[in-house]
$ cat start.pdb   # PDB, C-alpha atoms and all ligand atoms
ATOM      1  CA  MET E   1       0.000   0.000   0.000
ATOM      2  CA  THR E   2       1.187   3.520  -0.795
ATOM      3  CA  GLY E   3       2.111   5.823   2.067
ATOM      4  CA  GLY E   4       0.759   9.345   2.431
ATOM      5  CA  SER E   5      -2.682  10.668   3.198
ATOM      6  CA  THR E   6      -5.846   8.797   4.040
ATOM      7  CA  ALA E   7      -8.622   9.018   1.431
ATOM      8  CA  LEU E   8     -11.271   7.269   3.523
ATOM      9  CA  ARG E   9     -11.513   6.591   7.230
ATOM     10  CA  LEU E  10     -14.334   4.842   9.086
ATOM     11  CA  SER E  11     -14.026   4.875  12.887
ATOM     12  CA  GLY E  12     -16.300   2.838  15.126
ATOM     13  CA  VAL E  13     -19.015   2.722  12.473
ATOM     14  CA  SER E  14     -22.197   0.823  13.228
ATOM     15  CA  LYS E  15     -25.320   0.801  11.113
ATOM     16  CA  GLN E  16     -28.696  -0.510  12.112
ATOM     17  CA  HIS E  17     -31.436  -0.953   9.517
ATOM     18  CA  GLY E  18     -34.950  -0.584  10.907
ATOM     19  CA  ARG E  19     -36.085  -0.392  14.530
ATOM     20  CA  GLY E  20     -37.408  -2.537  17.342
ATOM     21  CA  PRO E  21     -37.601  -6.313  16.992
ATOM     22  CA  GLN E  22     -37.158  -6.063  13.198
ATOM     23  CA  ALA E  23     -33.882  -4.113  13.505
ATOM     24  CA  VAL E  24     -30.827  -5.543  11.729
ATOM     25  CA  ARG E  25     -27.316  -4.537  12.767
ATOM     26  CA  ALA E  26     -25.641  -4.517   9.348
ATOM     27  CA  LEU E  27     -22.338  -2.946  10.511
ATOM     28  CA  ASP E  28     -20.928  -3.469  13.972
ATOM     29  CA  GLY E  29     -17.938  -1.352  15.014
ATOM     30  CA  ILE E  30     -16.086  -0.956  11.722
ATOM     31  CA  ASP E  31     -12.624   0.651  11.757
ATOM     32  CA  PHE E  32     -11.394   0.908   8.187
ATOM     33  CA  GLN E  33      -8.871   3.142   6.425
ATOM     34  CA  VAL E  34      -7.984   3.470   2.774
ATOM     35  CA  ALA E  35      -4.736   5.215   1.825
ATOM     36  CA  GLN E  36      -4.887   7.702  -0.998
ATOM     37  CA  GLY E  37      -3.710   6.005  -4.198
ATOM     38  CA  SER E  38      -4.665   2.473  -3.215
ATOM     39  CA  PHE E  39      -7.127  -0.119  -4.503
ATOM     40  CA  VAL E  40      -9.096  -1.964  -1.821
ATOM     41  CA  ALA E  41     -11.604  -4.772  -2.326
ATOM     42  CA  VAL E  42     -14.338  -5.614   0.177
ATOM     43  CA  MET E  43     -15.506  -9.237   0.291
ATOM     44  CA  GLY E  44     -17.696 -11.337   2.538
ATOM     45  CA  PRO E  45     -20.594 -13.765   2.497
ATOM     46  CA  SER E  46     -24.043 -12.647   1.393
ATOM     47  CA  GLY E  47     -25.583 -10.425   4.059
ATOM     48  CA  SER E  48     -22.250  -9.650   5.733
ATOM     49  CA  GLY E  49     -22.670  -5.892   5.244
ATOM     50  CA  LYS E  50     -20.627  -5.098   2.114
ATOM     51  CA  SER E  51     -23.264  -2.929   0.401
ATOM     52  CA  THR E  52     -24.107  -1.176   3.652
ATOM     53  CA  LEU E  53     -20.413  -0.423   4.176
ATOM     54  CA  LEU E  54     -20.128   1.033   0.670
ATOM     55  CA  GLN E  55     -23.316   3.089   1.066
ATOM     56  CA  CYS E  56     -22.194   4.523   4.420
ATOM     57  CA  ALA E  57     -18.630   5.170   3.206
ATOM     58  CA  ALA E  58     -19.859   6.970   0.078
ATOM     59  CA  GLY E  59     -22.332   9.165   1.949
ATOM     60  CA  LEU E  60     -25.341   7.467   0.346
ATOM     61  CA  ASP E  61     -26.615   6.335   3.732
ATOM     62  CA  ARG E  62     -26.203   7.617   7.300
ATOM     63  CA  VAL E  63     -24.281   5.685   9.914
ATOM     64  CA  SER E  64     -26.024   4.932  13.237
ATOM     65  CA  THR E  65     -22.861   5.584  15.274
ATOM     66  CA  GLY E  66     -19.229   6.358  14.499
ATOM     67  CA  THR E  67     -17.618   8.629  11.941
ATOM     68  CA  VAL E  68     -16.858   8.518   8.222
ATOM     69  CA  ARG E  69     -14.292  10.838   6.669
ATOM     70  CA  ILE E  70     -13.518  11.299   2.993
ATOM     71  CA  GLY E  71     -10.233  13.179   2.989
ATOM     72  CA  GLU E  72     -10.725  15.954   5.527
ATOM     73  CA  VAL E  73     -14.531  15.979   5.293
ATOM     74  CA  ALA E  74     -16.523  14.382   8.129
ATOM     75  CA  VAL E  75     -19.263  12.845   5.981
ATOM     76  CA  SER E  76     -21.156  11.542   8.997
ATOM     77  CA  GLU E  77     -21.688  15.118  10.221
ATOM     78  CA  LEU E  78     -23.223  16.371   6.977
ATOM     79  CA  ASP E  79     -26.947  16.742   6.359
ATOM     80  CA  GLU E  80     -28.659  15.164   3.352
ATOM     81  CA  SER E  81     -28.075  18.055   0.942
ATOM     82  CA  GLN E  82     -24.433  18.465   1.991
ATOM     83  CA  ARG E  83     -23.900  14.743   1.449
ATOM     84  CA  ALA E  84     -25.481  15.025  -2.004
ATOM     85  CA  MET E  85     -23.009  17.805  -2.848
ATOM     86  CA  LEU E  86     -20.090  15.789  -1.518
ATOM     87  CA  ARG E  87     -21.123  12.804  -3.668
ATOM     88  CA  ARG E  88     -21.458  15.034  -6.703
ATOM     89  CA  ASP E  89     -18.148  16.838  -6.292
ATOM     90  CA  ARG E  90     -15.744  14.437  -4.581
ATOM     91  CA  VAL E  91     -16.921  10.873  -5.119
ATOM     92  CA  GLY E  92     -17.169   8.700  -8.240
ATOM     93  CA  PHE E  93     -19.400   5.628  -8.600
ATOM     94  CA  VAL E  94     -19.156   2.591 -10.870
ATOM     95  CA  PHE E  95     -22.025   0.104 -10.788
ATOM     96  CA  GLN E  96     -22.489  -3.456 -11.992
ATOM     97  CA  HIS E  97     -24.951  -2.446 -14.704
ATOM     98  CA  TYR E  98     -23.060   0.644 -15.954
ATOM     99  CA  ASN E  99     -26.202   2.858 -15.682
ATOM    100  CA  LEU E 100     -25.404   4.779 -18.868
ATOM    101  CA  LEU E 101     -28.166   6.894 -20.404
ATOM    102  CA  PRO E 102     -29.196   5.069 -23.604
ATOM    103  CA  GLY E 103     -30.062   8.177 -25.625
ATOM    104  CA  LEU E 104     -26.680   9.842 -25.101
ATOM    105  CA  THR E 105     -23.371   9.149 -26.807
ATOM    106  CA  ALA E 106     -20.419   7.876 -24.792
ATOM    107  CA  ALA E 107     -18.942  11.400 -24.722
ATOM    108  CA  GLN E 108     -22.241  12.871 -23.494
ATOM    109  CA  ASN E 109     -22.558  10.156 -20.844
ATOM    110  CA  ILE E 110     -19.069  10.915 -19.558
ATOM    111  CA  GLU E 111     -20.036  14.566 -19.240
ATOM    112  CA  VAL E 112     -23.208  13.940 -17.203
ATOM    113  CA  PRO E 113     -21.711  14.393 -13.676
ATOM    114  CA  ALA E 114     -19.994  17.619 -14.742
ATOM    115  CA  ARG E 115     -23.309  18.883 -16.155
ATOM    116  CA  LEU E 116     -25.114  17.951 -12.946
ATOM    117  CA  ALA E 117     -22.519  20.021 -11.097
ATOM    118  CA  GLY E 118     -23.433  22.947 -13.359
ATOM    119  CA  ARG E 119     -20.323  22.750 -15.507
ATOM    120  CA  ARG E 120     -19.507  21.737 -19.058
ATOM    121  CA  ALA E 121     -16.535  19.465 -19.387
ATOM    122  CA  ASN E 122     -13.882  20.854 -21.690
ATOM    123  CA  PRO E 123     -13.782  18.611 -24.817
ATOM    124  CA  ALA E 124     -10.062  18.147 -24.163
ATOM    125  CA  VAL E 125     -10.930  16.714 -20.739
ATOM    126  CA  ILE E 126     -13.323  14.187 -22.331
ATOM    127  CA  ASP E 127     -10.665  13.230 -24.891
ATOM    128  CA  ASP E 128      -8.089  12.828 -22.145
ATOM    129  CA  LEU E 129     -10.427  10.624 -20.089
ATOM    130  CA  ALA E 130     -11.278   8.558 -23.179
ATOM    131  CA  ALA E 131      -7.565   7.995 -23.785
ATOM    132  CA  ARG E 132      -7.012   7.022 -20.148
ATOM    133  CA  VAL E 133      -9.735   4.357 -20.265
ATOM    134  CA  GLY E 134      -9.080   3.243 -23.867
ATOM    135  CA  ILE E 135     -12.265   4.350 -25.683
ATOM    136  CA  VAL E 136     -10.971   7.133 -27.948
ATOM    137  CA  ASP E 137     -12.648   5.698 -31.060
ATOM    138  CA  LEU E 138     -15.963   5.012 -29.353
ATOM    139  CA  LEU E 139     -16.971   8.441 -28.080
ATOM    140  CA  ARG E 140     -19.737   8.975 -30.643
ATOM    141  CA  ARG E 141     -21.404   5.631 -30.069
ATOM    142  CA  ARG E 142     -24.470   5.110 -27.930
ATOM    143  CA  PRO E 143     -24.418   2.445 -25.170
ATOM    144  CA  ALA E 144     -26.334  -0.108 -27.286
ATOM    145  CA  GLN E 145     -23.479   0.051 -29.824
ATOM    146  CA  LEU E 146     -20.865  -0.864 -27.191
ATOM    147  CA  SER E 147     -19.881  -4.172 -25.556
ATOM    148  CA  GLY E 148     -20.317  -4.591 -21.805
ATOM    149  CA  GLY E 149     -16.612  -3.990 -21.195
ATOM    150  CA  GLN E 150     -16.661  -0.860 -23.376
ATOM    151  CA  GLN E 151     -19.739   0.435 -21.537
ATOM    152  CA  GLN E 152     -17.987  -0.090 -18.207
ATOM    153  CA  ARG E 153     -14.984   1.872 -19.511
ATOM    154  CA  VAL E 154     -17.347   4.731 -20.369
ATOM    155  CA  ALA E 155     -18.824   4.459 -16.877
ATOM    156  CA  ILE E 156     -15.334   4.620 -15.350
ATOM    157  CA  ALA E 157     -14.531   7.734 -17.399
ATOM    158  CA  ARG E 158     -17.838   9.225 -16.212
ATOM    159  CA  ALA E 159     -16.872   8.436 -12.598
ATOM    160  CA  LEU E 160     -13.569  10.292 -13.078
ATOM    161  CA  VAL E 161     -14.862  13.408 -14.870
ATOM    162  CA  THR E 162     -15.208  15.526 -11.726
ATOM    163  CA  GLY E 163     -11.713  14.525 -10.511
ATOM    164  CA  PRO E 164     -13.068  12.652  -7.462
ATOM    165  CA  GLU E 165     -11.006  11.960  -4.381
ATOM    166  CA  ILE E 166     -12.282   8.385  -4.283
ATOM    167  CA  VAL E 167     -14.183   6.018  -6.579
ATOM    168  CA  PHE E 168     -16.556   3.374  -5.194
ATOM    169  CA  GLY E 169     -17.312   0.298  -7.273
ATOM    170  CA  ASP E 170     -20.268  -1.972  -6.543
ATOM    171  CA  GLU E 171     -19.515  -5.262  -8.334
ATOM    172  CA  PRO E 172     -18.065  -3.309 -11.293
ATOM    173  CA  THR E 173     -17.191  -6.488 -13.181
ATOM    174  CA  GLY E 174     -20.218  -8.528 -12.085
ATOM    175  CA  ALA E 175     -21.911  -8.342 -15.492
ATOM    176  CA  LEU E 176     -18.806  -8.890 -17.636
ATOM    177  CA  ASP E 177     -17.340 -12.026 -19.178
ATOM    178  CA  THR E 178     -13.935 -13.162 -17.943
ATOM    179  CA  ALA E 179     -11.843 -11.394 -20.591
ATOM    180  CA  ALA E 180     -13.710  -8.071 -20.359
ATOM    181  CA  ALA E 181     -13.625  -8.239 -16.557
ATOM    182  CA  ARG E 182      -9.867  -8.746 -16.603
ATOM    183  CA  GLN E 183      -9.402  -5.719 -18.884
ATOM    184  CA  VAL E 184     -11.589  -3.494 -16.715
ATOM    185  CA  LEU E 185      -9.777  -4.633 -13.551
ATOM    186  CA  THR E 186      -6.398  -3.997 -15.172
ATOM    187  CA  LEU E 187      -7.611  -0.519 -16.116
ATOM    188  CA  MET E 188      -8.736   0.150 -12.533
ATOM    189  CA  ARG E 189      -5.417  -1.052 -11.176
ATOM    190  CA  ASP E 190      -3.536   1.145 -13.658
ATOM    191  CA  LEU E 191      -5.592   4.191 -12.660
ATOM    192  CA  VAL E 192      -4.549   3.566  -9.059
ATOM    193  CA  HIS E 193      -0.890   2.791  -9.660
ATOM    194  CA  ARG E 194      -0.181   5.238 -12.485
ATOM    195  CA  GLU E 195      -2.435   8.121 -11.458
ATOM    196  CA  ARG E 196      -2.825   7.582  -7.701
ATOM    197  CA  GLN E 197      -6.602   7.312  -7.966
ATOM    198  CA  THR E 198      -8.216   5.683  -4.915
ATOM    199  CA  ILE E 199     -10.715   2.857  -5.495
ATOM    200  CA  VAL E 200     -12.845   0.846  -3.074
ATOM    201  CA  MET E 201     -14.692  -2.040  -4.706
ATOM    202  CA  VAL E 202     -17.231  -4.504  -3.341
ATOM    203  CA  THR E 203     -17.037  -7.838  -5.117
ATOM    204  CA  HIS E 204     -18.022 -11.488  -4.820
ATOM    205  CA  ASP E 205     -15.331 -12.485  -7.313
ATOM    206  CA  PRO E 206     -11.955 -13.685  -5.945
ATOM    207  CA  VAL E 207     -10.303 -12.932  -9.320
ATOM    208  CA  ALA E 208     -11.513  -9.322  -9.111
ATOM    209  CA  ALA E 209     -10.424  -9.034  -5.473
ATOM    210  CA  ALA E 210      -6.958 -10.348  -6.337
ATOM    211  CA  HIS E 211      -6.425  -7.276  -8.572
ATOM    212  CA  ALA E 212      -6.661  -5.029  -5.492
ATOM    213  CA  ASP E 213      -3.746  -4.001  -3.269
ATOM    214  CA  ARG E 214      -5.630  -5.181  -0.225
ATOM    215  CA  VAL E 215      -8.780  -7.164   0.518
ATOM    216  CA  VAL E 216     -10.862  -6.761   3.671
ATOM    217  CA  PHE E 217     -13.290  -9.510   4.634
ATOM    218  CA  LEU E 218     -16.581  -8.842   6.382
ATOM    219  CA  ALA E 219     -18.709 -11.279   8.357
ATOM    220  CA  ASP E 220     -21.767 -10.291  10.370
ATOM    221  CA  GLY E 221     -20.998  -6.609   9.977
ATOM    222  CA  ARG E 222     -17.422  -6.810  11.246
ATOM    223  CA  ILE E 223     -14.037  -6.829   9.552
ATOM    224  CA  VAL E 224     -12.781 -10.287  10.417
ATOM    225  CA  ASP E 225      -9.797 -10.703   8.110
ATOM    226  CA  GLU E 226      -7.499  -8.788   5.741
ATOM    227  CA  ASP E 227      -5.177  -9.804   2.936
ATOM    228  CA  GLU E 228      -2.380  -7.332   2.133
ATOM    229  CA  ASN E 229      -1.032  -9.330  -0.772
ATOM    230  CA  PRO E 230      -4.067 -10.962  -2.346
ATOM    231  CA  SER E 231      -3.951 -13.890  -4.738
ATOM    232  CA  VAL E 232      -6.960 -15.765  -6.110
ATOM    233  CA  ASP E 233      -6.106 -18.867  -4.065
ATOM    234  CA  GLY E 234      -5.510 -16.888  -0.891
ATOM    235  CA  VAL E 235      -8.813 -15.014  -1.258
ATOM    236  CA  LEU E 236     -10.685 -18.275  -1.948
ATOM    237  CA  ARG E 237      -9.144 -19.866   1.143
ATOM    238  CA  ARG E 238     -10.121 -16.958   3.372
ATOM    239  CA  MET E 239     -13.652 -16.843   1.914
ATOM    240  CA  SER E 240     -14.171 -20.570   2.389
ATOM    241  CA  ARG E 241     -13.329 -20.168   6.091
ATOM    242  CA  LEU E 242     -16.007 -17.458   6.377
ATOM    243  CA  GLU E 243     -18.642 -19.390   4.470
ATOM    244  CA  LYS E 244     -18.420 -22.584   6.522
ATOM    245  CA  PRO E 245     -21.822 -23.405   8.020
ATOM    246  CA  ARG E 246     -22.035 -22.194  11.596
ATOM    247  CA  CYS E 247     -23.298 -24.490  14.367
TER     248      CYS E 247
HETATM  249  N1  LIG H 301     -32.789  -1.426   4.004
HETATM  250  C1  LIG H 301     -32.629  -2.474   4.798
HETATM  251  N2  LIG H 301     -33.537  -2.769   5.748
HETATM  252  C2  LIG H 301     -33.383  -3.811   6.585
HETATM  253  N3  LIG H 301     -32.316  -4.638   6.544
HETATM  254  C3  LIG H 301     -31.380  -4.406   5.614
HETATM  255  C4  LIG H 301     -31.481  -3.335   4.678
HETATM  256  N4  LIG H 301     -30.400  -3.364   3.870
HETATM  257  C5  LIG H 301     -29.660  -4.418   4.276
HETATM  258  N5  LIG H 301     -30.239  -5.040   5.317
HETATM  259  C6  LIG H 301     -29.721  -6.204   6.065
HETATM  260  O1  LIG H 301     -28.414  -5.846   6.526
HETATM  261  C7  LIG H 301     -27.519  -6.947   6.410
HETATM  262  C8  LIG H 301     -26.346  -6.551   5.508
HETATM  263  O2  LIG H 301     -26.858  -6.349   4.188
HETATM  264  P1  LIG H 301     -25.913  -5.919   2.969
HETATM  265  O3  LIG H 301     -26.807  -5.724   1.789
HETATM  266  O4  LIG H 301     -25.071  -4.784   3.384
HETATM  267  O5  LIG H 301     -25.028  -7.224   2.803
HETATM  268  P2  LIG H 301     -24.096  -7.681   1.570
HETATM  269  O6  LIG H 301     -22.873  -8.258   2.180
HETATM  270  O7  LIG H 301     -23.907  -6.544   0.620
HETATM  271  O8  LIG H 301     -24.976  -8.816   0.898
HETATM  272  P3  LIG H 301     -24.992  -9.381  -0.613
HETATM  273  O9  LIG H 301     -23.609  -9.969  -0.856
HETATM  274  O10 LIG H 301     -26.037 -10.458  -0.572
HETATM  275  O11 LIG H 301     -25.323  -8.259  -1.525
HETATM  276  C9  LIG H 301     -28.342  -8.107   5.881
HETATM  277  O12 LIG H 301     -28.786  -8.871   6.979
HETATM  278  C10 LIG H 301     -29.521  -7.434   5.201
HETATM  279  O13 LIG H 301     -30.647  -8.266   5.194
END
$ encode --input "start.pdb" --output "structure tokens"
Amino acid sequence: MTGGSTALRLSGVSKQHGRGPQAVRALDGIDFQVAQGSFVAVMGPSGSGKSTLLQCAAGLDRVSTGTVRIGEVAVSELDESQRAMLRRDRVGFVFQHYNLLPGLTAAQNIEVPARLAGRRANPAVIDDLAARVGIVDLLRRRPAQLSGGQQQRVAIARALVTGPEIVFGDEPTGALDTAAARQVLTLMRDLVHRERQTIVMVTHDPVAAAHADRVVFLADGRIVDEDENPSVDGVLRRMSRLEKPRC
């Protein structure tokens, strides 16, 4: 992991969904830091709290207790509209199903977050992003004219257009075939190692997780294991320990 500043810090974070007898404690005392310029994967069995962790870390949901910081900003102290502004200006998102607007070209899709922030992206910025993610010749196409891997590259460029401090990925390769997934993961790793982008990705896929610098493993809302030098076999071994039936 690279030294330097901390892009994301969760301290003592708990999150309860619902109230009373129906309440579910999805996160239970999470302490989690991500160094700026690193690529971290979050894994764990179904229901272990991965999505809740991502939602709380990205300011999409409120924590019940504890603090979340993105850079110097205490996200957990912001109100709803301040969190919306933080997400717009400082956070990028990449989803499993790309979420591109079908009526817009790739270039127009990339520009959407800048437009939402009341700006127009300089065409040179779009060209630069397209070069960084390898879609220079595809900018005039609409999503239906692109493969899944190409659409995810457009979505990654869109996530980067505001120059975010951190990018969150929710199963970003979950809908891709093996070859396209590998290319997208290599791109994400290059963005981190060449450009010092920071990426936090939730995944079920040990191959995807092994592209990260570090993998954290959740079970029952807690971080129960970490792998600082992940390999596919190592991740599979750790996951199989977590997924053993409990007595
Ligand atoms: N809005 C909600 N209301 C009530 N319970 C919820 C809500 N969202 C999640 N939960 C519960 O919180 C726990 C953690 O859910 P979460 O979706 O974060 O897990 P996950 O690890 O992402 O699961 P999966 O891998 O299946 O997507 C689960 O027990 C889930 O049922």
$ resolve_selection --input "start.pdb" --expression "the PyMOL selection byres (((chain E and resi 84-101) around 9) and not hetatm)" --output "JSON, numbers by chain"
{"E": [58, 59, 60, 70, 73, 75, 79, 80, 81, 82, 83, 102, 103, 104, 105, 106, 108, 109, 110, 113, 114, 116, 117, 142, 143, 148, 151, 152, 153, 154, 155, 156, 158, 159, 160, 161, 162, 163, 164, 165, 166, 167, 168, 169, 170, 171, 172, 173, 174, 175, 176, 201]}
$ write_last_selection --input "start.pdb" --atoms "C-alpha atoms" --output "CSV table (one decimal), keeping the file's coordinate frame"
chain,number,residue,atom,x,y,z
E,58,ALA,CA,-19.9,7.0,0.1
E,59,GLY,CA,-22.3,9.2,1.9
E,60,LEU,CA,-25.3,7.5,0.3
E,70,ILE,CA,-13.5,11.3,3.0
E,73,VAL,CA,-14.5,16.0,5.3
E,75,VAL,CA,-19.3,12.8,6.0
E,79,ASP,CA,-26.9,16.7,6.4
E,80,GLU,CA,-28.7,15.2,3.4
E,81,SER,CA,-28.1,18.1,0.9
E,82,GLN,CA,-24.4,18.5,2.0
E,83,ARG,CA,-23.9,14.7,1.4
E,102,PRO,CA,-29.2,5.1,-23.6
E,103,GLY,CA,-30.1,8.2,-25.6
E,104,LEU,CA,-26.7,9.8,-25.1
E,105,THR,CA,-23.4,9.1,-26.8
E,106,ALA,CA,-20.4,7.9,-24.8
E,108,GLN,CA,-22.2,12.9,-23.5
E,109,ASN,CA,-22.6,10.2,-20.8
E,110,ILE,CA,-19.1,10.9,-19.6
E,113,PRO,CA,-21.7,14.4,-13.7
E,114,ALA,CA,-20.0,17.6,-14.7
E,116,LEU,CA,-25.1,18.0,-12.9
E,117,ALA,CA,-22.5,20.0,-11.1
E,142,ARG,CA,-24.5,5.1,-27.9
E,143,PRO,CA,-24.4,2.4,-25.2
E,148,GLY,CA,-20.3,-4.6,-21.8
E,151,GLN,CA,-19.7,0.4,-21.5
E,152,GLN,CA,-18.0,-0.1,-18.2
E,153,ARG,CA,-15.0,1.9,-19.5
E,154,VAL,CA,-17.3,4.7,-20.4
E,155,ALA,CA,-18.8,4.5,-16.9
E,156,ILE,CA,-15.3,4.6,-15.4
E,158,ARG,CA,-17.8,9.2,-16.2
E,159,ALA,CA,-16.9,8.4,-12.6
E,160,LEU,CA,-13.6,10.3,-13.1
E,161,VAL,CA,-14.9,13.4,-14.9
E,162,THR,CA,-15.2,15.5,-11.7
E,163,GLY,CA,-11.7,14.5,-10.5
E,164,PRO,CA,-13.1,12.7,-7.5
E,165,GLU,CA,-11.0,12.0,-4.4
E,166,ILE,CA,-12.3,8.4,-4.3
E,167,VAL,CA,-14.2,6.0,-6.6
E,168,PHE,CA,-16.6,3.4,-5.2
E,169,GLY,CA,-17.3,0.3,-7.3
E,170,ASP,CA,-20.3,-2.0,-6.5
E,171,GLU,CA,-19.5,-5.3,-8.3
E,172,PRO,CA,-18.1,-3.3,-11.3
E,173,THR,CA,-17.2,-6.5,-13.2
E,174,GLY,CA,-20.2,-8.5,-12.1
E,175,ALA,CA,-21.9,-8.3,-15.5
E,176,LEU,CA,-18.8,-8.9,-17.6
E,201,MET,CA,-14.7,-2.0,-4.7
$ closest_residue --input "start.pdb" --among "E:Gly20, E:Gly44, E:Gly4, E:Gly12" --to "Asp220 (chain E)" --atoms "all atoms listed in the file"
E:Gly44
$ residues_near_ligand --input "start.pdb" --ligand "ligand LIG 301 (chain H)" --cutoff "9 Å" --atoms "all atoms listed in the file" --output "JSON, numbers by chain"
{"E": [15, 16, 17, 18, 22, 23, 24, 25, 26, 27, 43, 44, 45, 46, 47, 48, 49, 50, 51, 52, 53, 54, 55, 202, 203, 204, 218, 219, 220, 221]}
$ closest_residue --input "start.pdb" --among "E:Phe39, E:Arg115, E:Asp127, E:Asp205" --to "Leu187 (chain E)" --atoms "all atoms listed in the file"
E:Phe39
$ residues_around --input "start.pdb" --residues "region 235-241 of chain E" --least-positions-apart "6" --cutoff "9 Å" --atoms "all atoms listed in the file" --output "number ranges by chain"
E: 43-45, 206-207, 209-210, 215, 217, 225-227
$ atom_distance --input "start.pdb" --atom1 "CA of Ala35 (chain E)" --atom2 "CA of Ala130 (chain E)"
26.1 Å
$ closest_residue --input "start.pdb" --among "E:Gln150, E:Ser64, E:Gln197, E:Gln33" --to "Val136 (chain E)" --atoms "only C-alpha atoms"
E:Gln150
$ closest_residue --input "start.pdb" --among "E:Ala208, E:Ala157, E:Leu138, E:Val216" --to "Asp177 (chain E)" --atoms "all atoms listed in the file"
E:Ala208
$ atom_distance --input "start.pdb" --atom1 "CA of Leu129 (chain E)" --atom2 "CA of Leu8 (chain E)"
23.9 Å
$ closest_residue --input "start.pdb" --among "E:His211, E:Glu195, E:Ala144, E:Arg9" --to "Arg182 (chain E)" --atoms "all atoms listed in the file"
E:His211
$ residues_near_point --input "start.pdb" --point "(-2.9, 8.2, -3.9)" --cutoff "9 Å" --atoms "all atoms listed in the file" --output "PDB file with C-alpha atoms, keeping the file's coordinate frame"
ATOM      1  CA  THR E   2       1.187   3.520  -0.795  1.00  0.00           C
ATOM      2  CA  GLY E   3       2.111   5.823   2.067  1.00  0.00           C
ATOM      3  CA  GLY E   4       0.759   9.345   2.431  1.00  0.00           C
ATOM      4  CA  SER E   5      -2.682  10.668   3.198  1.00  0.00           C
ATOM      5  CA  THR E   6      -5.846   8.797   4.040  1.00  0.00           C
ATOM      6  CA  ALA E   7      -8.622   9.018   1.431  1.00  0.00           C
ATOM      7  CA  ALA E  35      -4.736   5.215   1.825  1.00  0.00           C
ATOM      8  CA  GLN E  36      -4.887   7.702  -0.998  1.00  0.00           C
ATOM      9  CA  GLY E  37      -3.710   6.005  -4.198  1.00  0.00           C
ATOM     10  CA  SER E  38      -4.665   2.473  -3.215  1.00  0.00           C
ATOM     11  CA  GLU E 165     -11.006  11.960  -4.381  1.00  0.00           C
ATOM     12  CA  VAL E 192      -4.549   3.566  -9.059  1.00  0.00           C
ATOM     13  CA  HIS E 193      -0.890   2.791  -9.660  1.00  0.00           C
ATOM     14  CA  GLU E 195      -2.435   8.121 -11.458  1.00  0.00           C
ATOM     15  CA  ARG E 196      -2.825   7.582  -7.701  1.00  0.00           C
ATOM     16  CA  GLN E 197      -6.602   7.312  -7.966  1.00  0.00           C
ATOM     17  CA  THR E 198      -8.216   5.683  -4.915  1.00  0.00           C
TER      18      THR E 198
END
$ residues_around --input "start.pdb" --residues "Ile223 (chain E)" --least-positions-apart "6" --cutoff "9 Å" --atoms "all atoms listed in the file" --output "NGL selection string"
:E and (28-32 or 216-217)
$ atom_distance --input "start.pdb" --atom1 "CA of Ser76 (chain E)" --atom2 "CA of Leu10 (chain E)"
9.6 Å
$ closest_residue --input "start.pdb" --among "E:Ala107, E:Arg214, E:Ser147, E:Val232" --to "Val125 (chain E)" --atoms "all atoms listed in the file"
E:Ala107
$ decode --input "start.pdb" --residues "region 142-164 of chain E" --atoms "C-alpha atoms" --output "PDB file, in the first residue's frame"
ATOM      1  CA  ARG E 142     -24.470   5.110 -27.930  1.00  0.00           C
ATOM      2  CA  PRO E 143     -24.418   2.445 -25.170  1.00  0.00           C
ATOM      3  CA  ALA E 144     -26.334  -0.108 -27.286  1.00  0.00           C
ATOM      4  CA  GLN E 145     -23.479   0.051 -29.824  1.00  0.00           C
ATOM      5  CA  LEU E 146     -20.865  -0.864 -27.191  1.00  0.00           C
ATOM      6  CA  SER E 147     -19.881  -4.172 -25.556  1.00  0.00           C
ATOM      7  CA  GLY E 148     -20.317  -4.591 -21.805  1.00  0.00           C
ATOM      8  CA  GLY E 149     -16.612  -3.990 -21.195  1.00  0.00           C
ATOM      9  CA  GLN E 150     -16.661  -0.860 -23.376  1.00  0.00           C
ATOM     10  CA  GLN E 151     -19.739   0.435 -21.537  1.00  0.00           C
ATOM     11  CA  GLN E 152     -17.987  -0.090 -18.207  1.00  0.00           C
ATOM     12  CA  ARG E 153     -14.984   1.872 -19.511  1.00  0.00           C
ATOM     13  CA  VAL E 154     -17.347   4.731 -20.369  1.00  0.00           C
ATOM     14  CA  ALA E 155     -18.824   4.459 -16.877  1.00  0.00           C
ATOM     15  CA  ILE E 156     -15.334   4.620 -15.350  1.00  0.00           C
ATOM     16  CA  ALA E 157     -14.531   7.734 -17.399  1.00  0.00           C
ATOM     17  CA  ARG E 158     -17.838   9.225 -16.212  1.00  0.00           C
ATOM     18  CA  ALA E 159     -16.872   8.436 -12.598  1.00  0.00           C
ATOM     19  CA  LEU E 160     -13.569  10.292 -13.078  1.00  0.00           C
ATOM     20  CA  VAL E 161     -14.862  13.408 -14.870  1.00  0.00           C
ATOM     21  CA  THR E 162     -15.208  15.526 -11.726  1.00  0.00           C
ATOM     22  CA  GLY E 163     -11.713  14.525 -10.511  1.00  0.00           C
ATOM     23  CA  PRO E 164     -13.068  12.652  -7.462  1.00  0.00           C
TER      24      PRO E 164
END
